[in-house]
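So this one's my_file25.csv, CSV, C-alpha atoms:
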chain,number,residue,atom,x,y,z
A,927,GLN,CA,9.0,-18.4,1.0
A,928,GLY,CA,6.3,-15.8,1.0
A,929,GLY,CA,3.3,-15.1,-1.2
A,930,GLN,CA,0.8,-14.2,1.5
A,931,LYS,CA,-2.7,-13.8,0.3
A,932,PHE,CA,-4.1,-10.2,0.1
A,933,ARG,CA,-6.9,-9.6,2.6
A,934,PRO,CA,-9.2,-6.9,1.3
A,935,GLU,CA,-11.2,-6.9,4.5
A,936,CYS,CA,-8.3,-5.2,6.1
A,937,VAL,CA,-8.3,-2.1,3.8
A,938,PRO,CA,-11.0,-0.3,5.8
A,939,LYS,CA,-8.8,-0.7,8.9
A,940,VAL,CA,-6.0,1.1,7.0
A,941,ALA,CA,-8.5,4.0,6.1
A,942,GLU,CA,-9.5,4.2,9.8
A,943,LEU,CA,-5.9,4.4,10.9
A,944,ARG,CA,-5.1,7.0,8.3
A,945,ALA,CA,-8.1,9.1,9.5
A,946,ARG,CA,-7.0,8.8,13.1
A,947,PHE,CA,-3.3,9.3,12.5
A,948,PRO,CA,-2.8,11.4,9.4
A,949,ASN,CA,0.9,12.0,9.9
A,950,LYS,CA,2.0,8.5,10.9
A,951,ASP,CA,3.4,5.8,8.6
A,952,ILE,CA,0.9,3.0,7.9
A,953,GLU,CA,2.3,-0.2,6.5
A,954,VAL,CA,0.6,-2.9,4.5
A,955,ASP,CA,2.3,-6.3,4.3
A,956,GLY,CA,0.8,-9.4,2.7
A,957,GLY,CA,-0.3,-10.0,-0.9
A,958,VAL,CA,0.5,-6.5,-2.1
A,959,SER,CA,0.9,-6.6,-5.9
A,960,PRO,CA,0.3,-4.3,-8.9
A,961,ASP,CA,-3.3,-5.5,-8.7
A,962,THR,CA,-3.8,-4.7,-5.0
A,963,ILE,CA,-1.6,-1.6,-4.4
A,964,GLY,CA,-4.3,0.8,-5.5
A,965,PRO,CA,-6.8,0.0,-2.7
A,966,CYS,CA,-4.0,0.0,-0.1
A,967,ALA,CA,-2.6,3.3,-1.2
A,968,GLU,CA,-6.1,4.9,-1.6
A,969,ALA,CA,-6.9,3.8,2.0
A,970,GLY,CA,-3.9,5.6,3.3
A,971,SER,CA,-1.0,3.2,3.4
A,972,ASN,CA,2.3,4.8,2.7
A,973,VAL,CA,4.7,1.9,3.5
A,974,ILE,CA,4.4,-1.1,1.3
A,975,VAL,CA,6.0,-4.5,1.9
A,976,ALA,CA,5.9,-6.6,-1.3
A,977,GLY,CA,8.3,-9.5,-1.6
A,978,THR,CA,6.8,-11.9,-4.0
A,979,ALA,CA,5.4,-9.3,-6.3
A,980,VAL,CA,8.9,-7.8,-6.7
A,981,PHE,CA,11.1,-10.9,-6.7
A,982,ARG,CA,8.9,-12.8,-9.1
A,983,ALA,CA,8.3,-9.9,-11.5
A,984,GLN,CA,9.8,-9.8,-15.0
A,985,ASP,CA,10.6,-6.1,-14.3
A,986,PRO,CA,11.2,-5.7,-10.6
A,987,GLU,CA,12.3,-2.1,-11.0
A,988,GLY,CA,9.1,-1.3,-12.9
A,989,VAL,CA,7.0,-2.9,-10.2
A,990,ILE,CA,8.7,-0.8,-7.5
A,991,ALA,CA,8.4,2.4,-9.6
A,992,GLY,CA,4.7,1.6,-10.1
A,993,PHE,CA,4.2,1.1,-6.3
A,994,LYS,CA,5.9,4.4,-5.6
A,995,GLN,CA,3.9,6.3,-8.1
A,996,THR,CA,0.6,4.8,-6.9
A,997,VAL,CA,1.4,5.6,-3.2
A,998,ASN,CA,2.7,9.1,-4.0
A,999,GLU,CA,-0.4,10.0,-6.0
A,1000,ALA,CA,-2.7,8.6,-3.3
A,1001,GLN,CA,-0.8,10.5,-0.6
A,1002,ALA,CA,-1.2,13.7,-2.6
A,1003,LYS,CA,-4.9,13.2,-3.0
A,1004,LEU,CA,-5.3,12.5,0.8
A,1005,ALA,CA,-3.2,15.6,1.6
A,1006,ALA,CA,-5.4,17.8,-0.7
A,1007,SER,CA,-8.6,16.5,0.8
A,1008,ARG,CA,-7.3,17.5,4.3
A,1009,ALA,CA,-6.3,21.0,3.1
Mind turning this structure into structure tokens?
Amino acid sequence: QGGQKFRPECVPKVAELRARFPNKDIEVDGGVSPDTIGPCAEAGSNVIVAGTAVFRAQDPEGVIAGFKQTVNEAQAKLAASRA
């Protein structure tokens, strides 16, 4: 079954981890959806686990593509800010 609730209070922890470990993979799992991917990616998560958001979507491929684009854009911004 699935469908964990997104916990926005954990997003600052992702940002802290990204600041401390800029070259490591940081995963977010739980409640990630097209509505919540932005804060996760902007905080520094580059590995996303999203079961319900994908499996229950009308367009799963589109959801996955949107997640990838959001994460890639956020990672590019983070890399530029460190340069």
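Taking CA of Lys950 (chain A) and CA of Thr978 (chain A) as the two end points, the separation is 25.7 Å.
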Rank A:Glu968, A:Glu999, A:Glu987, A:Asp955 by their smallest atom-to-atom distance to Lys931 (chain A), using all atoms listed in the file, and report the top residue only. A:Asp955
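Note that the spacing between CA of Glu935 (chain A) and CA of Val958 (chain A) amounts to 13.4 Å.
Note that the spacing between CA of Glu942 (chain A) and CA of Ile990 (chain A) amounts to 25.6 Å.
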Counting all atoms listed in the file, which residue out of A:Ala976, A:Ala969, A:Ala983, A:Ala991 sits closest to Pro948 (chain A)? A:Ala969
Which residue gives the smallest distance to Cys966 (chain A) among A:Ala979, A:Ala1000, A:Val937, A:Val989, with only C-alpha atoms counted? A:Val937
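Residues in contact with Asn949 (chain A) at up to 12 Å, not including ones fewer than 2 positions away on its chain and judged by all atoms listed in the file, are Leu943, Arg944, Ala945, Arg946, Phe947, Asp951, Ile952, Gly970, Ser971, Asn972, Gln1001, Leu1004, Ala1005 and Arg1008 of chain A.
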Test item: residues at most 7 Å from Val954 (chain A), all atoms listed in the file, excluding those fewer than 6 positions along its chain, as a VMD selection string: chain A and resid 971 973 to 975
Counting only C-alpha atoms, closest pick from A:Lys1003, A:Gly988, A:Asn998, A:Ala967 relative to Glu953 (chain A) is A:Ala967
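The nearest approach to Phe981 (chain A) among the residues A:Ser959, A:Pro934, A:Ala1009, A:Pro965, with only C-alpha atoms taken into account, belongs to A:Ser959.
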